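See below for the structure under consideration.
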Amino acid sequence: MGAKNWGFKKSLWLFHLNAGGCNNCDIELLDCLCPKFDVERFGIKLVGSVKHADVLMVSGVVTRKVVPELIETYEQAPKPCAVVALGACGCTGGIFKDGYNFAGPVDKHIPVDAYIPGCPPRPEAIIDGVVKLLGKL
């Protein structure tokens with residue numbers, strides 16, 4: 001078992017990227033860090049740089065302007081890096097799918113390993129999705 005796989009079994013470090021949404025998913029993701037939900041008990045931690053992350057969590061609708069940054073961020077992540085599409089906007093485009101600036105859901109631009117739908121998804125759903133991803137990895 002390699003060091004990277006061993007790290008996946010013990011904990012996940014997440015990097016959050018808002019691709020152009022309304023910030024509701026961001027607020028729910030931050031709720032996961034509060035003492036009520038305490039995702040750190042599972043070894044899940046938010047990091048400030050994608051270069052330290054095991055998981056890239058993308059929320060919001062992907063706008064045309066953000067596509068190059070999304071791809072660049074994904075390329076900077078150490079591999080293997082799991083990608084999670086968070087919220088209805090990240091999964092399908094949500095209520096913004098008919099907008100002039102919509103460039104497609106996250107999986108149109110980078111490979112996605114897990115989807116956590118909802119508008120916004122509850123902290124329980126986010127935790128459940130990430131823990132299931134941890135089991136999958």
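In the structure tokens, each chain is lettered A, B, ... as it comes, each chain's residues begin at 1, and ligands are numbered from 1 in order of appearance.
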>> List the spatial neighbours of segment 105-112 of chain A as a list in words - criterion: any atom at most 9 Å away, only C-alpha atoms, same-chain residues fewer than 3 positions off excluded.
In response: Ala19, Val58, Ser59, Gly60, Val61, Val62, Val67, Leu70, Ile71, Tyr74, Ala82, Val83, Val84, Ala85, Cys89, Gly90, Cys91, Thr92, Gly93, Lys97, Phe102 and Tyr115 of chain A
Next, the residues of the selection above should be written as a PDB file, in the first residue's frame with N, CA and C atoms.
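The resulting file, out_7.pdb, is shown below:
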```pdb
ATOM      1  N   ALA A  19     -17.281  27.969  -7.917  1.00  0.00           N
ATOM      2  CA  ALA A  19     -17.151  28.219  -9.353  1.00  0.00           C
ATOM      3  C   ALA A  19     -18.125  29.273  -9.867  1.00  0.00           C
ATOM      4  N   VAL A  58     -16.075  21.336  -5.452  1.00  0.00           N
ATOM      5  CA  VAL A  58     -16.483  22.448  -6.306  1.00  0.00           C
ATOM      6  C   VAL A  58     -17.964  22.720  -6.098  1.00  0.00           C
ATOM      7  N   SER A  59     -18.271  23.951  -5.711  1.00  0.00           N
ATOM      8  CA  SER A  59     -19.672  24.348  -5.543  1.00  0.00           C
ATOM      9  C   SER A  59     -19.996  25.454  -6.533  1.00  0.00           C
ATOM     10  N   GLY A  60     -21.267  25.594  -6.814  1.00  0.00           N
ATOM     11  CA  GLY A  60     -21.708  26.668  -7.693  1.00  0.00           C
ATOM     12  C   GLY A  60     -21.715  26.269  -9.148  1.00  0.00           C
ATOM     13  N   VAL A  61     -22.444  27.063  -9.904  1.00  0.00           N
ATOM     14  CA  VAL A  61     -22.532  26.861 -11.344  1.00  0.00           C
ATOM     15  C   VAL A  61     -21.188  27.266 -11.958  1.00  0.00           C
ATOM     16  N   VAL A  62     -20.717  26.520 -12.927  1.00  0.00           N
ATOM     17  CA  VAL A  62     -19.451  26.845 -13.572  1.00  0.00           C
ATOM     18  C   VAL A  62     -19.725  27.898 -14.644  1.00  0.00           C
ATOM     19  N   VAL A  67     -14.014  28.758 -15.993  1.00  0.00           N
ATOM     20  CA  VAL A  67     -13.567  27.483 -16.561  1.00  0.00           C
ATOM     21  C   VAL A  67     -12.039  27.352 -16.577  1.00  0.00           C
ATOM     22  N   LEU A  70     -10.839  26.742 -13.014  1.00  0.00           N
ATOM     23  CA  LEU A  70     -11.239  25.418 -12.537  1.00  0.00           C
ATOM     24  C   LEU A  70     -10.282  24.351 -13.060  1.00  0.00           C
ATOM     25  N   ILE A  71      -9.982  24.404 -14.340  1.00  0.00           N
ATOM     26  CA  ILE A  71      -9.075  23.420 -14.943  1.00  0.00           C
ATOM     27  C   ILE A  71      -7.671  23.572 -14.376  1.00  0.00           C
ATOM     28  N   TYR A  74      -7.564  22.165 -10.854  1.00  0.00           N
ATOM     29  CA  TYR A  74      -7.555  20.700 -10.897  1.00  0.00           C
ATOM     30  C   TYR A  74      -6.177  20.173 -11.287  1.00  0.00           C
ATOM     31  N   ALA A  82      -9.526  13.375  -5.678  1.00  0.00           N
ATOM     32  CA  ALA A  82     -10.951  13.150  -5.907  1.00  0.00           C
ATOM     33  C   ALA A  82     -11.639  14.501  -6.094  1.00  0.00           C
ATOM     34  N   VAL A  83     -12.666  14.534  -6.919  1.00  0.00           N
ATOM     35  CA  VAL A  83     -13.430  15.756  -7.166  1.00  0.00           C
ATOM     36  C   VAL A  83     -14.872  15.508  -6.761  1.00  0.00           C
ATOM     37  N   VAL A  84     -15.435  16.466  -6.011  1.00  0.00           N
ATOM     38  CA  VAL A  84     -16.825  16.393  -5.576  1.00  0.00           C
ATOM     39  C   VAL A  84     -17.571  17.593  -6.145  1.00  0.00           C
ATOM     40  N   ALA A  85     -18.684  17.334  -6.814  1.00  0.00           N
ATOM     41  CA  ALA A  85     -19.577  18.402  -7.271  1.00  0.00           C
ATOM     42  C   ALA A  85     -20.605  18.616  -6.170  1.00  0.00           C
ATOM     43  N   CYS A  89     -26.254  23.188  -8.425  1.00  0.00           N
ATOM     44  CA  CYS A  89     -25.552  23.947  -9.462  1.00  0.00           C
ATOM     45  C   CYS A  89     -24.295  23.225  -9.937  1.00  0.00           C
ATOM     46  N   GLY A  90     -23.538  22.661  -9.018  1.00  0.00           N
ATOM     47  CA  GLY A  90     -22.336  21.933  -9.398  1.00  0.00           C
ATOM     48  C   GLY A  90     -22.638  20.642 -10.132  1.00  0.00           C
ATOM     49  N   CYS A  91     -23.769  20.008  -9.777  1.00  0.00           N
ATOM     50  CA  CYS A  91     -24.131  18.732 -10.397  1.00  0.00           C
ATOM     51  C   CYS A  91     -24.774  18.897 -11.772  1.00  0.00           C
ATOM     52  N   THR A  92     -25.703  19.862 -11.894  1.00  0.00           N
ATOM     53  CA  THR A  92     -26.471  19.974 -13.140  1.00  0.00           C
ATOM     54  C   THR A  92     -26.589  21.393 -13.685  1.00  0.00           C
ATOM     55  N   GLY A  93     -26.260  22.379 -12.882  1.00  0.00           N
ATOM     56  CA  GLY A  93     -26.467  23.763 -13.276  1.00  0.00           C
ATOM     57  C   GLY A  93     -27.584  24.415 -12.487  1.00  0.00           C
ATOM     58  N   LYS A  97     -29.017  26.953 -15.076  1.00  0.00           N
ATOM     59  CA  LYS A  97     -28.629  26.187 -16.266  1.00  0.00           C
ATOM     60  C   LYS A  97     -29.029  26.841 -17.584  1.00  0.00           C
ATOM     61  N   PHE A 102     -23.611  30.307 -18.304  1.00  0.00           N
ATOM     62  CA  PHE A 102     -23.444  28.927 -17.836  1.00  0.00           C
ATOM     63  C   PHE A 102     -22.575  28.146 -18.815  1.00  0.00           C
ATOM     64  N   TYR A 115     -21.082  13.146  -6.350  1.00  0.00           N
ATOM     65  CA  TYR A 115     -22.050  14.228  -6.481  1.00  0.00           C
ATOM     66  C   TYR A 115     -22.827  14.331  -5.174  1.00  0.00           C
TER      67      TYR A 115
END
```
>> Please list as a VMD selection string every residue within 10 Å of Ile126 of chain A, counting only C-alpha atoms and excluding residues in the same chain fewer than 6 positions away.
In response: chain A and resid 25 28 to 29 31 to 32 39 84 86 to 87 115 to 118 120 132
>> Just list as a PyMOL selection string whatever in chain A DSSP marks as strand (DSSP E).
In response: chain A and resi 12-18+44-46+55-59+82-86+114-116
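Across A:Cys119, A:Leu33, A:Ile27, A:Leu12, the tightest approach to Val131 of chain A is made by A:Leu12 when counting only C-alpha atoms.
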>> If I take atom CA of Glu75 of chain A and atom CA of Arg122 of chain A, how far is one from the other in Å, to one decimal?
In response: 28.9 Å
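Backbone DSSP assigns alpha helix (DSSP H) in segment 46-127 of chain A to A:Val67, A:Pro68, A:Glu69, A:Leu70, A:Ile71, A:Glu72, A:Thr73, A:Tyr74, A:Glu75, A:Gln76, A:Gly87, A:Ala88, A:Cys89, A:Gly90, A:Cys91, A:Pro123, A:Glu124, A:Ala125, A:Ile126, A:Ile127.
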Selection to disk with C-alpha atoms, as a PDB file, in the first residue's frame:
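Full text of result19.pdb as output:
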```
ATOM      1  CA  VAL A  67     -13.567  27.483 -16.561  1.00  0.00           C
ATOM      2  CA  PRO A  68      -9.806  28.183 -17.041  1.00  0.00           C
ATOM      3  CA  GLU A  69      -9.330  28.629 -13.280  1.00  0.00           C
ATOM      4  CA  LEU A  70     -11.239  25.418 -12.537  1.00  0.00           C
ATOM      5  CA  ILE A  71      -9.075  23.420 -14.943  1.00  0.00           C
ATOM      6  CA  GLU A  72      -5.873  25.043 -13.665  1.00  0.00           C
ATOM      7  CA  THR A  73      -6.837  24.340 -10.056  1.00  0.00           C
ATOM      8  CA  TYR A  74      -7.555  20.700 -10.897  1.00  0.00           C
ATOM      9  CA  GLU A  75      -4.204  20.369 -12.693  1.00  0.00           C
ATOM     10  CA  GLN A  76      -2.368  21.821  -9.665  1.00  0.00           C
ATOM     11  CA  GLY A  87     -25.049  21.292  -4.761  1.00  0.00           C
ATOM     12  CA  ALA A  88     -27.549  21.305  -7.589  1.00  0.00           C
ATOM     13  CA  CYS A  89     -25.552  23.947  -9.462  1.00  0.00           C
ATOM     14  CA  GLY A  90     -22.336  21.933  -9.398  1.00  0.00           C
ATOM     15  CA  CYS A  91     -24.131  18.732 -10.397  1.00  0.00           C
ATOM     16  CA  PRO A 123     -24.441  19.491   6.327  1.00  0.00           C
ATOM     17  CA  GLU A 124     -25.541  15.921   7.059  1.00  0.00           C
ATOM     18  CA  ALA A 125     -25.665  15.191   3.314  1.00  0.00           C
ATOM     19  CA  ILE A 126     -22.246  16.753   2.770  1.00  0.00           C
ATOM     20  CA  ILE A 127     -20.724  14.696   5.580  1.00  0.00           C
TER      21      ILE A 127
END
```
> Which distance in Å separates atom CA of Asn23 of chain A and atom CA of Gly135 of chain A, to one decimal?
Replying inline: 27.7 Å
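For Cys81 of chain A, the list of residues within 12 Å, based on only C-alpha atoms and with local chain neighbours fewer than 6 positions off taken out, reads Lys4, Asn5, Gly7, Phe8, Leu12, Trp13, Leu14, Phe15, Val50, Lys51, His52, Ala53, Asp54, Val55, Leu56, Met57, Thr73, Tyr74, Glu75, Ile110, Pro111, Val112, Asp113, Ala114, Leu133, Leu134 and Leu137 of chain A.
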